Amino acid sequence: MQNISVKGVKRVPQRKCVGCGEMIGKKGAVRVVRDKDGSFSVDPTGKKNGRGAYICNDSKCLGLAKKGKRLERSFKCQVPASIYEELEKEIDKELTENQ
């Protein structure tokens with residue numbers, strides 16, 4: 001994909017979902033962050049400092065990421081189960097808001 005910007009048209013930042021591998025808009029994803037201390041958190045704003053990984057707002061992608069331990073692979077360390085639960089709540093919240 002070429003990075004061509006047209007004058008007056010704002011480019012949408014693209015991120016790769018760790019669950020399905022699709023390129024999605026940054027606003028259409030939930031971000032998981034590991035900060036310098038090694039603690040994990042879900043970042044709905046997408047602005048926290050630290051290493052981030054993105055998952056689509058879809059429970060299927062979360063299931064694929066959990067089953068394949070793709071967040072662990074992305075962060076190169078163990079991700080607590082509480083983060084998966086928090087992600088599930090965040091995705092459910094996003095889905096109910098968009099309906």
# chains A, B, ... in the order shown; residues from 1 in each chain; ligands from 1

$ residues_around --residues "stretch 10-19 of chain A" --least-positions-apart "6" --cutoff "10 Å" --atoms "only C-alpha atoms" --output "MDAnalysis selection string"
chainID A and resid 3:4 25:31 53:71 73:74

$ write_last_selection --atoms "N, CA and C atoms" --output "CSV table (one decimal), in the first residue's frame"
chain,number,residue,atom,x,y,z
A,3,ASN,N,1.8,5.2,0.4
A,3,ASN,CA,1.5,6.2,1.4
A,3,ASN,C,1.4,7.6,0.7
A,4,ILE,N,0.4,7.7,-0.1
A,4,ILE,CA,0.2,8.9,-0.9
A,4,ILE,C,-0.9,9.8,-0.2
A,25,GLY,N,-8.4,0.7,10.7
A,25,GLY,CA,-8.2,2.0,11.2
A,25,GLY,C,-7.9,2.0,12.7
A,26,LYS,N,-7.1,3.0,13.1
A,26,LYS,CA,-6.7,3.1,14.5
A,26,LYS,C,-7.9,3.2,15.4
A,27,LYS,N,-9.0,3.9,14.9
A,27,LYS,CA,-10.2,4.2,15.7
A,27,LYS,C,-11.1,2.9,15.8
A,28,GLY,N,-10.9,2.0,14.9
A,28,GLY,CA,-11.7,0.8,14.9
A,28,GLY,C,-11.0,-0.4,15.7
A,29,ALA,N,-10.1,-0.1,16.6
A,29,ALA,CA,-9.4,-1.1,17.3
A,29,ALA,C,-9.3,-0.7,18.8
A,30,VAL,N,-9.0,-1.7,19.6
A,30,VAL,CA,-8.7,-1.5,21.0
A,30,VAL,C,-7.2,-1.8,21.2
A,31,ARG,N,-6.6,-0.9,22.0
A,31,ARG,CA,-5.2,-1.0,22.2
A,31,ARG,C,-4.9,-1.6,23.6
A,53,ALA,N,-0.3,-3.1,21.3
A,53,ALA,CA,-0.8,-4.1,20.4
A,53,ALA,C,-2.3,-3.8,20.2
A,54,TYR,N,-2.8,-4.0,18.9
A,54,TYR,CA,-4.2,-3.7,18.6
A,54,TYR,C,-5.0,-4.9,18.3
A,55,ILE,N,-6.3,-4.9,18.7
A,55,ILE,CA,-7.2,-5.9,18.4
A,55,ILE,C,-8.5,-5.3,17.9
A,56,CYS,N,-9.1,-5.9,16.8
A,56,CYS,CA,-10.3,-5.3,16.2
A,56,CYS,C,-11.4,-5.3,17.3
A,57,ASN,N,-12.4,-4.5,17.1
A,57,ASN,CA,-13.6,-4.5,18.0
A,57,ASN,C,-14.5,-5.7,17.6
A,58,ASP,N,-14.0,-6.9,17.8
A,58,ASP,CA,-14.7,-8.1,17.4
A,58,ASP,C,-14.3,-9.2,18.4
A,59,SER,N,-15.3,-9.9,18.9
A,59,SER,CA,-15.0,-10.9,19.9
A,59,SER,C,-14.3,-12.1,19.2
A,60,LYS,N,-14.5,-12.3,17.9
A,60,LYS,CA,-13.9,-13.4,17.2
A,60,LYS,C,-12.4,-13.2,17.2
A,61,CYS,N,-12.0,-11.9,16.9
A,61,CYS,CA,-10.5,-11.6,16.9
A,61,CYS,C,-9.9,-11.8,18.3
A,62,LEU,N,-10.6,-11.4,19.3
A,62,LEU,CA,-10.1,-11.6,20.7
A,62,LEU,C,-10.0,-13.1,21.0
A,63,GLY,N,-10.9,-13.9,20.5
A,63,GLY,CA,-10.8,-15.3,20.7
A,63,GLY,C,-9.6,-15.9,20.0
A,64,LEU,N,-9.4,-15.5,18.7
A,64,LEU,CA,-8.2,-15.9,18.0
A,64,LEU,C,-6.9,-15.5,18.7
A,65,ALA,N,-6.9,-14.3,19.2
A,65,ALA,CA,-5.7,-13.8,19.8
A,65,ALA,C,-5.4,-14.5,21.1
A,66,LYS,N,-6.5,-14.9,21.8
A,66,LYS,CA,-6.3,-15.6,23.1
A,66,LYS,C,-5.9,-17.0,22.8
A,67,LYS,N,-6.5,-17.7,21.9
A,67,LYS,CA,-6.2,-19.1,21.6
A,67,LYS,C,-4.8,-19.2,21.1
A,68,GLY,N,-4.4,-18.3,20.2
A,68,GLY,CA,-3.0,-18.4,19.6
A,68,GLY,C,-2.0,-17.7,20.4
A,69,LYS,N,-2.3,-17.2,21.6
A,69,LYS,CA,-1.4,-16.5,22.5
A,69,LYS,C,-0.6,-15.4,21.7
A,70,ARG,N,-1.4,-14.7,20.9
A,70,ARG,CA,-0.8,-13.7,20.0
A,70,ARG,C,-0.4,-12.4,20.7
A,71,LEU,N,-1.1,-12.1,21.8
A,71,LEU,CA,-0.7,-10.9,22.6
A,71,LEU,C,0.7,-11.2,23.3
A,73,ARG,N,2.9,-13.2,22.2
A,73,ARG,CA,4.0,-13.2,21.2
A,73,ARG,C,4.3,-11.7,20.8
A,74,SER,N,3.3,-10.9,20.8
A,74,SER,CA,3.6,-9.5,20.5
A,74,SER,C,4.4,-8.8,21.5

$ closest_residue --among "A:Glu88, A:Arg34, A:Thr45, A:Cys20" --to "A:Glu72" --atoms "only C-alpha atoms"
A:Arg34

$ atom_distance --atom1 "atom CA of A:Val33" --atom2 "atom CA of A:Glu97"
22.9 Å

$ select_by_dssp --residues "chain A" --states "strand (DSSP E or B)" --output "MDAnalysis selection string"
chainID A and resid 14:17 23:25 29:34 40:43 51:56

$ atom_distance --atom1 "atom CA of A:Asn49" --atom2 "atom CA of A:Glu94"
22.4 Å

$ closest_residue --among "A:Asp35, A:Asp43, A:Glu22, A:Asp92" --to "A:Phe75" --atoms "only C-alpha atoms"
A:Asp35

$ atom_distance --atom1 "atom CA of A:Ala81" --atom2 "atom CA of A:Leu95"
21.4 Å

$ select_by_dssp --residues "stretch 52-87 of chain A" --states "helix (DSSP H, G or I)" --output "MDAnalysis selection string"
chainID A and resid 59:67 70:75 81:87

$ write_last_selection --atoms "N, CA and C atoms" --output "mmCIF file, in the first residue's frame"
data_model
loop_
_atom_site.group_PDB
_atom_site.id
_atom_site.type_symbol
_atom_site.label_atom_id
_atom_site.label_comp_id
_atom_site.auth_asym_id
_atom_site.auth_seq_id
_atom_site.Cartn_x
_atom_site.Cartn_y
_atom_site.Cartn_z
ATOM 1 N N SER A 59 -15.316 -9.865 18.911
ATOM 2 C CA SER A 59 -15.036 -10.932 19.869
ATOM 3 C C SER A 59 -14.333 -12.121 19.205
ATOM 4 N N LYS A 60 -14.544 -12.315 17.902
ATOM 5 C CA LYS A 60 -13.861 -13.405 17.190
ATOM 6 C C LYS A 60 -12.356 -13.168 17.159
ATOM 7 N N CYS A 61 -11.956 -11.916 16.918
ATOM 8 C CA CYS A 61 -10.528 -11.582 16.885
ATOM 9 C C CYS A 61 -9.909 -11.774 18.265
ATOM 10 N N LEU A 62 -10.650 -11.409 19.307
ATOM 11 C CA LEU A 62 -10.149 -11.601 20.664
ATOM 12 C C LEU A 62 -9.973 -13.087 20.952
ATOM 13 N N GLY A 63 -10.920 -13.899 20.507
ATOM 14 C CA GLY A 63 -10.814 -15.346 20.689
ATOM 15 C C GLY A 63 -9.608 -15.924 19.972
ATOM 16 N N LEU A 64 -9.361 -15.454 18.737
ATOM 17 C CA LEU A 64 -8.191 -15.919 17.986
ATOM 18 C C LEU A 64 -6.900 -15.494 18.671
ATOM 19 N N ALA A 65 -6.865 -14.260 19.178
ATOM 20 C CA ALA A 65 -5.661 -13.761 19.848
ATOM 21 C C ALA A 65 -5.386 -14.535 21.129
ATOM 22 N N LYS A 66 -6.450 -14.861 21.848
ATOM 23 C CA LYS A 66 -6.302 -15.602 23.109
ATOM 24 C C LYS A 66 -5.870 -17.043 22.847
ATOM 25 N N LYS A 67 -6.531 -17.674 21.885
ATOM 26 C CA LYS A 67 -6.232 -19.078 21.575
ATOM 27 C C LYS A 67 -4.804 -19.248 21.057
ATOM 28 N N ARG A 70 -1.390 -14.677 20.883
ATOM 29 C CA ARG A 70 -0.779 -13.680 20.002
ATOM 30 C C ARG A 70 -0.385 -12.405 20.733
ATOM 31 N N LEU A 71 -1.086 -12.065 21.811
ATOM 32 C CA LEU A 71 -0.650 -10.915 22.612
ATOM 33 C C LEU A 71 0.666 -11.235 23.304
ATOM 34 N N GLU A 72 0.797 -12.458 23.799
ATOM 35 C CA GLU A 72 2.043 -12.876 24.438
ATOM 36 C C GLU A 72 3.211 -12.797 23.445
ATOM 37 N N ARG A 73 2.947 -13.215 22.212
ATOM 38 C CA ARG A 73 3.981 -13.166 21.190
ATOM 39 C C ARG A 73 4.339 -11.721 20.842
ATOM 40 N N SER A 74 3.342 -10.870 20.788
ATOM 41 C CA SER A 74 3.576 -9.470 20.460
ATOM 42 C C SER A 74 4.393 -8.758 21.536
ATOM 43 N N PHE A 75 4.079 -9.037 22.802
ATOM 44 C CA PHE A 75 4.769 -8.384 23.914
ATOM 45 C C PHE A 75 5.995 -9.166 24.401
ATOM 46 N N ALA A 81 -4.578 -12.834 32.670
ATOM 47 C CA ALA A 81 -5.943 -13.168 32.245
ATOM 48 C C ALA A 81 -6.888 -11.991 32.457
ATOM 49 N N SER A 82 -6.592 -11.143 33.435
ATOM 50 C CA SER A 82 -7.450 -9.988 33.701
ATOM 51 C C SER A 82 -7.486 -9.026 32.514
ATOM 52 N N ILE A 83 -6.421 -8.971 31.737
ATOM 53 C CA ILE A 83 -6.385 -8.102 30.558
ATOM 54 C C ILE A 83 -7.347 -8.630 29.495
ATOM 55 N N TYR A 84 -7.411 -9.946 29.329
ATOM 56 C CA TYR A 84 -8.358 -10.527 28.373
ATOM 57 C C TYR A 84 -9.794 -10.238 28.797
ATOM 58 N N GLU A 85 -10.070 -10.304 30.103
ATOM 59 C CA GLU A 85 -11.409 -9.994 30.601
ATOM 60 C C GLU A 85 -11.740 -8.527 30.370
ATOM 61 N N GLU A 86 -10.778 -7.655 30.619
ATOM 62 C CA GLU A 86 -10.983 -6.220 30.405
ATOM 63 C C GLU A 86 -11.197 -5.922 28.916
ATOM 64 N N LEU A 87 -10.455 -6.606 28.057
ATOM 65 C CA LEU A 87 -10.627 -6.457 26.613
ATOM 66 C C LEU A 87 -12.022 -6.884 26.179
#

$ closest_residue --among "A:Ile91, A:Val9, A:Val32, A:Val79" --to "A:Gly46" --atoms "only C-alpha atoms"
A:Val32

$ decode --residues "stretch 1-88 of chain A" --atoms "C-alpha atoms" --output "PDB file, in the first residue's frame"
ATOM      1  CA  MET A   1       0.000   0.000   0.000  1.00  0.00           C
ATOM      2  CA  GLN A   2       1.400   3.362  -1.002  1.00  0.00           C
ATOM      3  CA  ASN A   3       1.517   6.246   1.409  1.00  0.00           C
ATOM      4  CA  ILE A   4       0.184   8.944  -0.911  1.00  0.00           C
ATOM      5  CA  SER A   5      -1.545  11.915   0.640  1.00  0.00           C
ATOM      6  CA  VAL A   6      -3.801  14.164  -1.366  1.00  0.00           C
ATOM      7  CA  LYS A   7      -3.958  17.800  -0.414  1.00  0.00           C
ATOM      8  CA  GLY A   8      -6.915  18.381   1.884  1.00  0.00           C
ATOM      9  CA  VAL A   9      -7.546  14.675   2.572  1.00  0.00           C
ATOM     10  CA  LYS A  10      -6.461  13.403   5.966  1.00  0.00           C
ATOM     11  CA  ARG A  11      -4.896   9.941   6.010  1.00  0.00           C
ATOM     12  CA  VAL A  12      -6.320   7.424   8.502  1.00  0.00           C
ATOM     13  CA  PRO A  13      -3.617   5.655  10.579  1.00  0.00           C
ATOM     14  CA  GLN A  14      -3.670   1.894   9.950  1.00  0.00           C
ATOM     15  CA  ARG A  15      -2.855  -0.760  12.554  1.00  0.00           C
ATOM     16  CA  LYS A  16      -2.605  -4.554  12.271  1.00  0.00           C
ATOM     17  CA  CYS A  17      -4.948  -6.642  14.428  1.00  0.00           C
ATOM     18  CA  VAL A  18      -3.062  -9.314  16.378  1.00  0.00           C
ATOM     19  CA  GLY A  19      -6.139 -11.561  16.200  1.00  0.00           C
ATOM     20  CA  CYS A  20      -7.019 -11.706  12.504  1.00  0.00           C
ATOM     21  CA  GLY A  21      -4.014  -9.940  10.960  1.00  0.00           C
ATOM     22  CA  GLU A  22      -6.167  -7.424   9.043  1.00  0.00           C
ATOM     23  CA  MET A  23      -5.096  -3.808   8.642  1.00  0.00           C
ATOM     24  CA  ILE A  24      -7.715  -1.622  10.338  1.00  0.00           C
ATOM     25  CA  GLY A  25      -8.161   2.036  11.174  1.00  0.00           C
ATOM     26  CA  LYS A  26      -6.721   3.061  14.522  1.00  0.00           C
ATOM     27  CA  LYS A  27     -10.168   4.172  15.725  1.00  0.00           C
ATOM     28  CA  GLY A  28     -11.672   0.760  14.884  1.00  0.00           C
ATOM     29  CA  ALA A  29      -9.402  -1.102  17.299  1.00  0.00           C
ATOM     30  CA  VAL A  30      -8.732  -1.524  21.005  1.00  0.00           C
ATOM     31  CA  ARG A  31      -5.161  -1.023  22.190  1.00  0.00           C
ATOM     32  CA  VAL A  32      -3.407  -3.044  24.884  1.00  0.00           C
ATOM     33  CA  VAL A  33      -0.351  -1.350  26.416  1.00  0.00           C
ATOM     34  CA  ARG A  34       2.627  -2.598  28.400  1.00  0.00           C
ATOM     35  CA  ASP A  35       4.364   0.273  30.154  1.00  0.00           C
ATOM     36  CA  LYS A  36       7.977   0.573  31.349  1.00  0.00           C
ATOM     37  CA  ASP A  37       7.119  -1.126  34.657  1.00  0.00           C
ATOM     38  CA  GLY A  38       5.838  -4.181  32.795  1.00  0.00           C
ATOM     39  CA  SER A  39       2.198  -3.660  33.809  1.00  0.00           C
ATOM     40  CA  PHE A  40      -0.554  -4.089  31.237  1.00  0.00           C
ATOM     41  CA  SER A  41      -3.656  -1.985  30.634  1.00  0.00           C
ATOM     42  CA  VAL A  42      -6.364  -1.506  28.021  1.00  0.00           C
ATOM     43  CA  ASP A  43      -6.035   1.890  26.354  1.00  0.00           C
ATOM     44  CA  PRO A  44      -9.300   3.071  24.752  1.00  0.00           C
ATOM     45  CA  THR A  45      -7.781   6.479  23.900  1.00  0.00           C
ATOM     46  CA  GLY A  46      -4.728   5.048  22.144  1.00  0.00           C
ATOM     47  CA  LYS A  47      -2.441   7.645  23.725  1.00  0.00           C
ATOM     48  CA  LYS A  48      -0.791   5.924  26.692  1.00  0.00           C
ATOM     49  CA  ASN A  49       2.974   5.565  26.676  1.00  0.00           C
ATOM     50  CA  GLY A  50       4.401   2.110  26.164  1.00  0.00           C
ATOM     51  CA  ARG A  51       4.464  -0.825  23.784  1.00  0.00           C
ATOM     52  CA  GLY A  52       1.063  -1.364  22.188  1.00  0.00           C
ATOM     53  CA  ALA A  53      -0.822  -4.081  20.350  1.00  0.00           C
ATOM     54  CA  TYR A  54      -4.180  -3.674  18.607  1.00  0.00           C
ATOM     55  CA  ILE A  55      -7.240  -5.919  18.386  1.00  0.00           C
ATOM     56  CA  CYS A  56     -10.341  -5.349  16.235  1.00  0.00           C
ATOM     57  CA  ASN A  57     -13.602  -4.490  17.984  1.00  0.00           C
ATOM     58  CA  ASP A  58     -14.730  -8.071  17.395  1.00  0.00           C
ATOM     59  CA  SER A  59     -15.036 -10.932  19.869  1.00  0.00           C
ATOM     60  CA  LYS A  60     -13.861 -13.405  17.190  1.00  0.00           C
ATOM     61  CA  CYS A  61     -10.528 -11.582  16.885  1.00  0.00           C
ATOM     62  CA  LEU A  62     -10.149 -11.601  20.664  1.00  0.00           C
ATOM     63  CA  GLY A  63     -10.814 -15.346  20.689  1.00  0.00           C
ATOM     64  CA  LEU A  64      -8.191 -15.919  17.986  1.00  0.00           C
ATOM     65  CA  ALA A  65      -5.661 -13.761  19.848  1.00  0.00           C
ATOM     66  CA  LYS A  66      -6.302 -15.602  23.109  1.00  0.00           C
ATOM     67  CA  LYS A  67      -6.232 -19.078  21.575  1.00  0.00           C
ATOM     68  CA  GLY A  68      -3.038 -18.428  19.617  1.00  0.00           C
ATOM     69  CA  LYS A  69      -1.373 -16.482  22.473  1.00  0.00           C
ATOM     70  CA  ARG A  70      -0.779 -13.680  20.002  1.00  0.00           C
ATOM     71  CA  LEU A  71      -0.650 -10.915  22.612  1.00  0.00           C
ATOM     72  CA  GLU A  72       2.043 -12.876  24.438  1.00  0.00           C
ATOM     73  CA  ARG A  73       3.981 -13.166  21.190  1.00  0.00           C
ATOM     74  CA  SER A  74       3.576  -9.470  20.460  1.00  0.00           C
ATOM     75  CA  PHE A  75       4.769  -8.384  23.914  1.00  0.00           C
ATOM     76  CA  LYS A  76       7.268 -11.266  24.313  1.00  0.00           C
ATOM     77  CA  CYS A  77       6.000 -11.976  27.834  1.00  0.00           C
ATOM     78  CA  GLN A  78       3.009 -13.431  29.703  1.00  0.00           C
ATOM     79  CA  VAL A  79      -0.212 -11.366  29.563  1.00  0.00           C
ATOM     80  CA  PRO A  80      -2.480 -11.622  32.649  1.00  0.00           C
ATOM     81  CA  ALA A  81      -5.943 -13.168  32.245  1.00  0.00           C
ATOM     82  CA  SER A  82      -7.450  -9.988  33.701  1.00  0.00           C
ATOM     83  CA  ILE A  83      -6.385  -8.102  30.558  1.00  0.00           C
ATOM     84  CA  TYR A  84      -8.358 -10.527  28.373  1.00  0.00           C
ATOM     85  CA  GLU A  85     -11.409  -9.994  30.601  1.00  0.00           C
ATOM     86  CA  GLU A  86     -10.983  -6.220  30.405  1.00  0.00           C
ATOM     87  CA  LEU A  87     -10.627  -6.457  26.613  1.00  0.00           C
ATOM     88  CA  GLU A  88     -13.815  -8.490  26.413  1.00  0.00           C
TER      89      GLU A  88
END
